[in-house]
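For reference, start_22.txt is printed below; it contains compact mmCIF, C-alpha atoms and all ligand atoms.
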```txt
# COMPACT_ATOMS: atom_id res chain seq x y z
CA MET H 17 82.95 -46.52 15.24
CA ASN H 18 79.27 -47.46 15.00
CA ASN H 19 78.94 -45.53 11.72
CA SER H 20 81.91 -47.32 10.10
CA GLN H 21 81.75 -50.36 7.87
CA ILE H 22 84.24 -53.01 9.05
CA SER H 23 85.19 -55.86 6.69
CA PHE H 24 87.11 -58.99 7.63
CA ILE H 25 89.20 -60.82 5.01
CA GLY H 26 89.47 -64.33 6.45
CA ALA H 27 86.81 -65.54 8.88
CA GLY H 28 88.79 -68.00 10.98
CA ASN H 29 89.40 -68.29 14.73
CA MET H 30 90.72 -64.79 15.39
CA ALA H 31 88.30 -62.93 13.07
CA THR H 32 85.38 -64.83 14.60
CA SER H 33 86.53 -63.87 18.11
CA LEU H 34 86.71 -60.20 17.09
CA ILE H 35 83.35 -60.29 15.30
CA HIS H 36 81.54 -61.86 18.27
CA GLY H 37 83.26 -59.39 20.59
CA LEU H 38 82.15 -56.42 18.45
CA LEU H 39 78.56 -57.68 18.25
CA ALA H 40 78.50 -58.09 22.04
CA LYS H 41 79.47 -54.39 22.25
CA ASP H 42 76.44 -53.50 20.11
CA VAL H 43 78.26 -52.82 16.85
CA PRO H 44 75.37 -53.38 14.38
CA ALA H 45 75.59 -56.67 12.42
CA ASN H 46 74.81 -54.64 9.28
CA ASN H 47 78.13 -52.79 9.71
CA ILE H 48 80.25 -55.95 9.88
CA HIS H 49 81.21 -57.82 6.70
CA ALA H 50 83.33 -60.92 6.13
CA THR H 51 84.68 -63.00 3.30
CA ASP H 52 86.54 -66.33 3.31
CA ILE H 53 87.60 -68.83 0.67
CA ASP H 54 85.90 -71.48 2.84
CA THR H 55 82.27 -70.85 1.86
CA ALA H 56 80.85 -73.35 4.36
CA LYS H 57 82.62 -71.54 7.21
CA LEU H 58 81.32 -68.21 5.92
CA ALA H 59 77.73 -69.49 5.71
CA GLN H 60 77.96 -70.78 9.29
CA LEU H 61 79.29 -67.42 10.52
CA SER H 62 76.51 -65.60 8.69
CA SER H 63 73.82 -67.79 10.25
CA ASP H 64 75.43 -67.59 13.73
CA THR H 65 75.81 -63.81 13.76
CA GLY H 66 73.68 -62.14 11.07
CA ILE H 67 76.68 -60.19 9.72
CA GLN H 68 77.04 -59.47 6.00
CA THR H 69 79.05 -62.02 4.03
CA GLY H 70 80.07 -62.09 0.39
CA SER H 71 82.90 -62.02 -2.10
CA LEU H 72 86.14 -60.12 -1.59
CA ALA H 73 84.86 -57.45 -4.00
CA ASP H 74 81.58 -57.10 -2.03
CA VAL H 75 83.22 -56.67 1.36
CA ALA H 76 86.10 -54.47 0.14
CA ALA H 77 83.73 -52.08 -1.65
CA ALA H 78 81.78 -51.59 1.60
CA ALA H 79 84.71 -51.06 3.92
CA ASP H 80 85.94 -48.02 5.82
CA VAL H 81 88.12 -50.46 7.75
CA VAL H 82 89.49 -53.72 6.31
CA VAL H 83 90.78 -56.28 8.83
CA LEU H 84 93.24 -58.71 7.25
CA ALA H 85 92.76 -61.93 9.21
CA VAL H 86 94.39 -64.59 7.01
CA LYS H 87 97.49 -66.62 7.88
CA PRO H 88 100.82 -64.82 7.35
CA GLN H 89 101.77 -67.26 4.57
CA VAL H 90 98.82 -66.21 2.36
CA MET H 91 98.89 -62.50 3.21
CA GLU H 92 100.77 -61.43 0.07
CA SER H 93 98.29 -63.03 -2.33
CA ALA H 94 95.31 -61.78 -0.28
CA CYS H 95 96.73 -58.22 -0.44
CA GLU H 96 97.31 -58.43 -4.17
CA SER H 97 93.66 -59.37 -4.73
CA LEU H 98 92.49 -56.68 -2.30
CA LYS H 99 94.59 -53.76 -3.59
CA PRO H 100 92.49 -52.77 -6.65
CA LEU H 101 89.25 -53.09 -4.65
CA LEU H 102 90.03 -50.81 -1.70
CA LYS H 103 87.81 -47.76 -1.19
CA SER H 104 89.72 -44.47 -1.06
CA GLY H 105 90.17 -43.25 2.51
CA SER H 106 89.96 -46.75 3.99
CA VAL H 107 92.36 -48.06 6.61
CA VAL H 108 93.70 -51.62 6.50
CA ILE H 109 94.39 -53.38 9.82
CA SER H 110 96.52 -56.54 9.70
CA ILE H 111 96.35 -58.94 12.64
CA ALA H 112 98.91 -61.38 11.18
CA ALA H 113 101.90 -62.49 13.23
CA GLY H 114 105.21 -61.46 11.68
CA VAL H 115 103.88 -59.47 8.70
CA THR H 116 105.56 -56.05 8.73
CA LEU H 117 104.12 -52.66 7.80
CA ALA H 118 106.82 -52.46 5.09
CA SER H 119 105.60 -55.68 3.47
CA LEU H 120 101.97 -54.58 3.68
CA ALA H 121 102.87 -51.24 2.04
CA ARG H 122 104.77 -53.09 -0.71
CA TRP H 123 101.71 -55.25 -1.45
CA LEU H 124 98.96 -52.61 -0.95
CA GLY H 125 100.74 -49.41 -2.05
CA ASP H 126 102.95 -46.86 -0.29
CA ASN H 127 100.03 -44.45 0.19
CA GLN H 128 97.77 -46.93 1.93
CA ALA H 129 96.90 -46.16 5.59
CA LEU H 130 97.95 -49.22 7.57
CA VAL H 131 97.71 -50.49 11.13
CA ARG H 132 99.48 -53.62 12.29
CA CYS H 133 98.16 -55.15 15.48
CA MET H 134 98.34 -58.28 17.60
CA PRO H 135 95.04 -59.18 19.28
CA ASN H 136 94.17 -62.41 21.09
CA THR H 137 91.21 -64.80 21.19
CA PRO H 138 89.76 -63.68 24.57
CA SER H 139 88.44 -60.75 22.48
CA LEU H 140 85.52 -63.15 21.99
CA VAL H 141 84.45 -62.50 25.59
CA GLY H 142 85.47 -58.83 25.78
CA CYS H 143 88.78 -59.65 27.52
CA GLY H 144 91.13 -59.17 24.56
CA ALA H 145 94.63 -57.74 24.83
CA THR H 146 95.89 -55.96 21.71
CA ALA H 147 98.94 -53.89 20.82
CA LEU H 148 98.93 -51.70 17.70
CA VAL H 149 101.29 -49.71 15.52
CA ALA H 150 100.41 -47.49 12.53
CA ASN H 151 102.29 -46.27 9.47
CA ALA H 152 102.83 -42.60 8.63
CA GLU H 153 99.97 -42.65 6.09
CA CYS H 154 97.46 -43.33 8.84
CA SER H 155 95.59 -40.19 9.96
CA GLU H 156 94.83 -39.50 13.62
CA GLN H 157 91.17 -40.23 12.83
CA GLN H 158 92.03 -43.61 11.27
CA LYS H 159 94.25 -44.45 14.25
CA ALA H 160 91.46 -43.50 16.65
CA LEU H 161 88.95 -45.65 14.74
CA SER H 162 91.32 -48.64 14.69
CA GLY H 163 91.97 -48.25 18.43
CA GLN H 164 88.22 -48.04 19.14
CA ILE H 165 87.58 -51.32 17.29
CA LEU H 166 90.17 -53.20 19.36
CA GLU H 167 89.21 -51.42 22.60
CA ALA H 168 85.63 -52.56 22.06
CA VAL H 169 86.80 -56.14 22.70
CA GLY H 170 89.36 -55.56 25.47
CA ILE H 171 92.39 -53.37 26.14
CA ALA H 172 94.48 -51.82 23.34
CA CYS H 173 97.98 -50.31 23.68
CA TRP H 174 99.85 -48.32 21.03
CA LEU H 175 103.52 -49.27 20.58
CA GLN H 176 106.35 -46.83 19.83
CA GLN H 177 108.41 -49.42 17.93
CA GLU H 178 107.06 -51.93 15.43
CA ASN H 179 109.68 -54.53 16.48
CA ASP H 180 108.01 -54.83 19.89
CA ILE H 181 105.02 -56.49 18.26
CA ASP H 182 106.97 -59.78 18.04
CA THR H 183 107.37 -59.65 21.83
CA VAL H 184 103.67 -58.87 22.20
CA THR H 185 102.92 -61.87 19.97
CA ALA H 186 104.93 -64.08 22.36
CA LEU H 187 103.26 -62.48 25.42
CA SER H 188 99.57 -61.85 24.79
CA GLY H 189 99.00 -63.11 21.22
CA SER H 190 100.06 -66.67 21.98
CA GLY H 191 99.64 -66.24 25.75
CA PRO H 192 96.09 -67.61 26.11
CA ALA H 193 97.45 -70.98 24.95
CA TYR H 194 99.96 -71.00 27.81
CA TYR H 195 97.19 -70.50 30.37
CA PHE H 196 95.04 -73.17 28.68
CA LEU H 197 98.03 -75.54 28.88
CA MET H 198 98.34 -74.76 32.59
CA MET H 199 94.63 -75.54 33.07
CA GLU H 200 95.03 -78.80 31.13
CA ALA H 201 98.07 -79.82 33.20
CA MET H 202 96.39 -78.98 36.53
CA GLU H 203 93.24 -80.85 35.53
CA ALA H 204 95.26 -83.90 34.42
CA ALA H 205 97.30 -83.92 37.62
CA ALA H 206 94.18 -83.72 39.80
CA ILE H 207 92.59 -86.63 37.90
CA LYS H 208 95.79 -88.68 38.37
CA MET H 209 95.58 -87.88 42.08
CA GLY H 210 92.08 -89.43 42.11
CA LEU H 211 89.71 -86.43 41.79
CA ASP H 212 86.58 -86.66 39.64
CA ALA H 213 87.26 -85.45 36.05
CA ASP H 214 84.38 -82.93 35.87
CA ILE H 215 85.24 -81.45 39.24
CA SER H 216 88.93 -81.26 38.26
CA ARG H 217 88.14 -79.28 35.12
CA GLN H 218 85.65 -76.96 36.82
CA LEU H 219 88.05 -76.14 39.64
CA ALA H 220 91.05 -75.67 37.30
CA ILE H 221 89.13 -73.23 35.07
CA GLN H 222 87.51 -71.32 37.94
CA THR H 223 90.89 -70.98 39.65
CA ALA H 224 92.45 -69.52 36.48
CA GLN H 225 89.52 -67.12 36.12
CA GLY H 226 89.67 -66.14 39.78
CA ALA H 227 93.43 -65.52 39.67
CA GLY H 228 93.07 -63.45 36.48
CA LYS H 229 90.21 -61.35 37.86
CA LEU H 230 92.00 -60.82 41.16
CA ALA H 231 95.22 -59.76 39.41
CA ALA H 232 93.33 -57.40 37.08
CA SER H 233 91.32 -55.75 39.87
CA SER H 234 94.09 -55.51 42.45
CA ASP H 235 96.40 -52.56 43.06
CA VAL H 236 99.30 -54.86 44.02
CA PRO H 237 101.40 -56.86 41.53
CA PRO H 238 100.94 -60.61 40.89
CA ALA H 239 104.03 -61.36 43.00
CA GLU H 240 102.31 -59.92 46.09
CA LEU H 241 99.09 -61.83 45.37
CA ARG H 242 101.21 -64.99 45.09
CA ARG H 243 102.80 -64.24 48.47
CA ARG H 244 99.32 -63.86 50.02
CA VAL H 245 98.46 -67.44 48.95
CA THR H 246 101.75 -68.83 50.25
CA SER H 247 101.52 -69.51 53.99
CA PRO H 248 104.96 -70.02 55.54
CA GLY H 249 105.44 -73.74 56.07
CA GLY H 250 102.24 -74.47 54.11
CA THR H 251 101.24 -76.30 50.94
CA THR H 252 101.69 -73.59 48.27
CA GLU H 253 105.27 -73.07 49.39
CA GLN H 254 106.05 -76.71 48.59
CA ALA H 255 104.45 -76.44 45.13
CA LEU H 256 106.35 -73.22 44.34
CA LEU H 257 109.65 -74.73 45.54
CA SER H 258 108.98 -77.66 43.19
CA PHE H 259 108.35 -75.24 40.27
CA ASP H 260 111.56 -73.42 41.17
CA ARG H 261 113.65 -76.62 41.25
CA ASP H 262 112.31 -77.35 37.74
CA ASN H 263 113.27 -73.86 36.50
CA PHE H 264 109.74 -72.64 35.83
CA THR H 265 110.80 -69.03 35.10
CA GLU H 266 113.44 -70.15 32.59
CA ILE H 267 110.96 -72.56 30.94
CA VAL H 268 108.50 -69.68 30.39
CA GLU H 269 111.24 -67.37 29.09
CA ALA H 270 112.51 -70.00 26.63
CA ALA H 271 108.98 -70.64 25.35
CA MET H 272 108.31 -66.93 24.81
CA LYS H 273 111.66 -66.48 23.03
CA ALA H 274 110.73 -69.39 20.71
CA ALA H 275 107.42 -67.65 19.85
CA GLN H 276 109.17 -64.30 19.31
CA GLN H 277 111.79 -65.97 17.12
CA ARG H 278 109.05 -67.59 15.00
CA ALA H 279 107.36 -64.19 14.53
CA ALA H 280 110.69 -62.79 13.29
CA GLU H 281 111.10 -65.76 10.93
CA LEU H 282 107.61 -65.17 9.50
CA ALA H 283 108.65 -61.55 8.79
CA GLY H 284 111.73 -62.89 7.00
CA ASN H 285 109.50 -65.04 4.80
CA ASP H 286 107.64 -61.99 3.40
N1 LIG G 301 94.41 -67.49 16.53
C1 LIG G 301 94.96 -66.57 17.33
O1 LIG G 301 94.96 -66.71 18.57
C2 LIG G 301 95.57 -65.35 16.75
C3 LIG G 301 95.80 -65.23 15.39
N2 LIG G 301 96.37 -64.10 14.89
C4 LIG G 301 96.61 -63.97 13.45
O2 LIG G 301 95.34 -64.05 12.83
C5 LIG G 301 95.48 -64.57 11.51
C6 LIG G 301 94.46 -65.66 11.32
O3 LIG G 301 94.70 -66.68 12.29
P1 LIG G 301 93.56 -67.69 12.70
O4 LIG G 301 92.26 -67.00 12.74
O5 LIG G 301 94.05 -68.41 13.88
O6 LIG G 301 93.61 -68.66 11.43
P2 LIG G 301 92.42 -69.50 10.75
O7 LIG G 301 93.08 -70.53 9.90
O8 LIG G 301 91.44 -69.92 11.79
O9 LIG G 301 91.71 -68.41 9.80
C7 LIG G 301 92.23 -67.96 8.59
C8 LIG G 301 91.07 -67.94 7.59
O10 LIG G 301 91.52 -67.34 6.39
C9 LIG G 301 90.86 -67.99 5.31
N3 LIG G 301 91.56 -67.65 4.07
C10 LIG G 301 92.72 -68.17 3.58
N4 LIG G 301 93.05 -67.54 2.43
C11 LIG G 301 92.09 -66.60 2.20
C12 LIG G 301 91.89 -65.63 1.20
N5 LIG G 301 92.73 -65.48 0.17
N6 LIG G 301 90.79 -64.83 1.28
C13 LIG G 301 89.91 -64.97 2.30
N7 LIG G 301 90.05 -65.88 3.29
C14 LIG G 301 91.14 -66.67 3.25
C15 LIG G 301 90.87 -69.44 5.71
O11 LIG G 301 89.90 -70.20 5.00
C16 LIG G 301 90.56 -69.35 7.21
O12 LIG G 301 89.18 -69.43 7.48
C17 LIG G 301 96.91 -65.08 11.40
O13 LIG G 301 97.63 -64.20 10.56
C18 LIG G 301 97.45 -65.07 12.82
O14 LIG G 301 98.82 -64.75 12.87
C19 LIG G 301 96.69 -63.03 15.68
C20 LIG G 301 96.47 -63.08 17.02
C21 LIG G 301 95.95 -64.27 17.68
O1 LIG G 302 100.10 -69.07 16.69
C1 LIG G 302 100.06 -68.09 15.92
O2 LIG G 302 100.88 -67.97 15.00
C2 LIG G 302 99.02 -67.02 16.14
C3 LIG G 302 99.64 -65.69 16.42
C4 LIG G 302 99.43 -65.46 17.89
C5 LIG G 302 98.48 -66.49 18.28
N1 LIG G 302 98.22 -67.31 17.31
```
Would you encode the structure as structure tokens?
Amino acid sequence: MNNSQISFIGAGNMATSLIHGLLAKDVPANNIHATDIDTAKLAQLSSDTGIQTGSLADVAAAADVVVLAVKPQVMESACESLKPLLKSGSVVISIAAGVTLASLARWLGDNQALVRCMPNTPSLVGCGATALVANAECSEQQKALSGQILEAVGIACWLQQENDIDTVTALSGSGPAYYFLMMEAMEAAAIKMGLDADISRQLAIQTAQGAGKLAASSDVPPAELRRRVTSPGGTTEQALLSFDRDNFTEIVEAAMKAAQQRAAELAGND
């Protein structure tokens, strides 16, 4: 991976998370390129990171791997501009929600090696969660390289079926926002109950981090870790009974189905 040139088309939130994550894993800044129609954003990224920035033609010409990191709604026009500039033998990785391999092949050419993936913003701190799927044009070497790039910033799982990526989008792609919402709600409730605002935020965030680390490092499932917090007749039990009365599980399922449905709608808009 460290000998490959990686170019990002679109330098927004998700691309920036991936770029910082790659730099933290010692991918040389000289091997990372980015372009964006927002030149101020691009200049800021260049000064923050030292990566190479330039026009679409500059970054496409350099690339062994092109990461398409624009919004789904502008993907078609970005691909049309990119197509004549792609270096032979390059692989294109799309991170866009709801943009299918079939649409990408229609816009970039049937012979183009393509990977579709769904990363998430914790890639910024090396804790990303990504699922990937490749088309038949993608060689084993190109698949391995794509996997290495995403593994550098977290975990990466290959999917058997492309359709599953909409579920992944609802789970881990959008998922960080659900945990942030939980932190916000816990912080707000503690403040309402009279706790100092700074202390409320610190404790809410540290608790989320602690629960995540414990779940990731434990050989028992989250349900068992939950049981270990819940003393019979104690405080947690009352909180969990309250969640249950308010249909917490169903609320989460409905929210994830709404995200999955939106991913499918975006695919329909291709
Ligand atoms: N934000 C997230 O948590 C995640 C986002 N994604 C996907 O990543 C993609 C980007 O999302 P964000 O980074 O959140 O959006 P963003 O809006 O922060 O970034 C998109 C960037 O693309 C630029 N852009 C627009 N048209 C362009 C063009 N023709 N050429 C070059 N640059 C262009 C915009 O100026 C902007 O900086 C989306 O397709 C989204 O589905 C995937 C996983 C997680
Ligand atoms: O909200 C979105 O559409 C993107 C895809 C997953 C996370 N952010």
Self-check item: Expected answer as a VMD selection string: residues within 9 Å of ligand LIG 302 (chain G), only C-alpha atoms and all ligand atoms
Solution: chain H and resid 30 87 to 88 111 to 114 134 to 137 184 to 193 275 278 to 279
Quiz item: Between H:Phe24, H:Thr32, H:Gly105, H:Arg122, which has the minimum distance to Asp74 in chain H (counting only C-alpha atoms)?
Solution: H:Phe24
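The spacing separating CA of Leu101 in chain H from CA of Ile181 in chain H amounts to 28.0 Å.
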Quiz item: Which residue gives the smallest distance to ligand LIG 301 (chain G) among H:Ser23, H:Gln157, H:Gln225, H:Asn263, with only C-alpha atoms and all ligand atoms counted?
Solution: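 Smallest distance to ligand LIG 301 (chain G) is found for H:Ser23.
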Box for range 86-99 of chain H - axis-aligned, 5 Å on each of the six sides, all listed atoms - centre and size in Å to one decimal, as lines of an AutoDock Vina configuration file.
```
center_x = 97.1
center_y = -60.5
center_z = 1.6
size_x = 19.3
size_y = 23.5
size_z = 22.6
```
Practice problem: Have a look at CA of Ser155 in chain H and CA of Leu130 in chain H and let me know their distance in Å, one decimal. | Solution: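 Interatomic distance here is 9.6 Å.
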Exercise. Measure the distance from CA of Cys95 in chain H to atom C18 of ligand LIG 301 (chain G) in Å and round it to one decimal.
Key: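 Those two atoms sit 14.9 Å apart.
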Self-check item: Non-local contacts of range 213-222 of chain H (10 Å; all atoms listed in the file; under 5 positions in same chain excluded) as an NGL selection string
Solution: :H and (195-196 or 198-208 or 227-228)
Could the residues in this selection be saved with C-alpha atoms as a CSV table (one decimal), in the frame of the given file?
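result.csv, written as the output of this step:
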```csv
chain,number,residue,atom,x,y,z
H,195,TYR,CA,97.2,-70.5,30.4
H,196,PHE,CA,95.0,-73.2,28.7
H,198,MET,CA,98.3,-74.8,32.6
H,199,MET,CA,94.6,-75.5,33.1
H,200,GLU,CA,95.0,-78.8,31.1
H,201,ALA,CA,98.1,-79.8,33.2
H,202,MET,CA,96.4,-79.0,36.5
H,203,GLU,CA,93.2,-80.8,35.5
H,204,ALA,CA,95.3,-83.9,34.4
H,205,ALA,CA,97.3,-83.9,37.6
H,206,ALA,CA,94.2,-83.7,39.8
H,207,ILE,CA,92.6,-86.6,37.9
H,208,LYS,CA,95.8,-88.7,38.4
H,227,ALA,CA,93.4,-65.5,39.7
H,228,GLY,CA,93.1,-63.4,36.5
```
Practice problem: Using all atoms listed in the file, find the one residue out of H:Gly144, H:Pro238, H:Gly125, H:Gly226 that sits nearest to ligand LIG 301 (chain G). | Solution: H:Gly144
Quiz item: Using all atoms listed in the file, which residues sit within 8 Å of Asn47 in chain H once same-chain residues fewer than 6 positions away are excluded, as a list in words?
Solution: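 That gives Asn18, Asn19, Ser20, Gln21, Ile22, Ile67 and Gln68 of chain H.
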Practice problem: Skip Ala280 in chain H itself and residues of its chain fewer than 2 positions away, then list as a list in words all residues within 10 Å of it, counting only C-alpha atoms. | Solution: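 Listing them by chain and then by number gives Ala113, Gly114, Val115, Thr116, Asn179, Ile181, Asp182, Thr183, Ala274, Ala275, Gln276, Gln277, Arg278, Leu282, Ala283, Gly284 and Asn285 of chain H.
The point (85.6, -64.3, -3.7) has these residues within 10 Å of it when all atoms listed in the file are used: Thr51, Asp52, Ile53, Asp54, Thr55, Gly70, Ser71, Leu72, Ala73, Asp74, Val75 and Ser97 of chain H.
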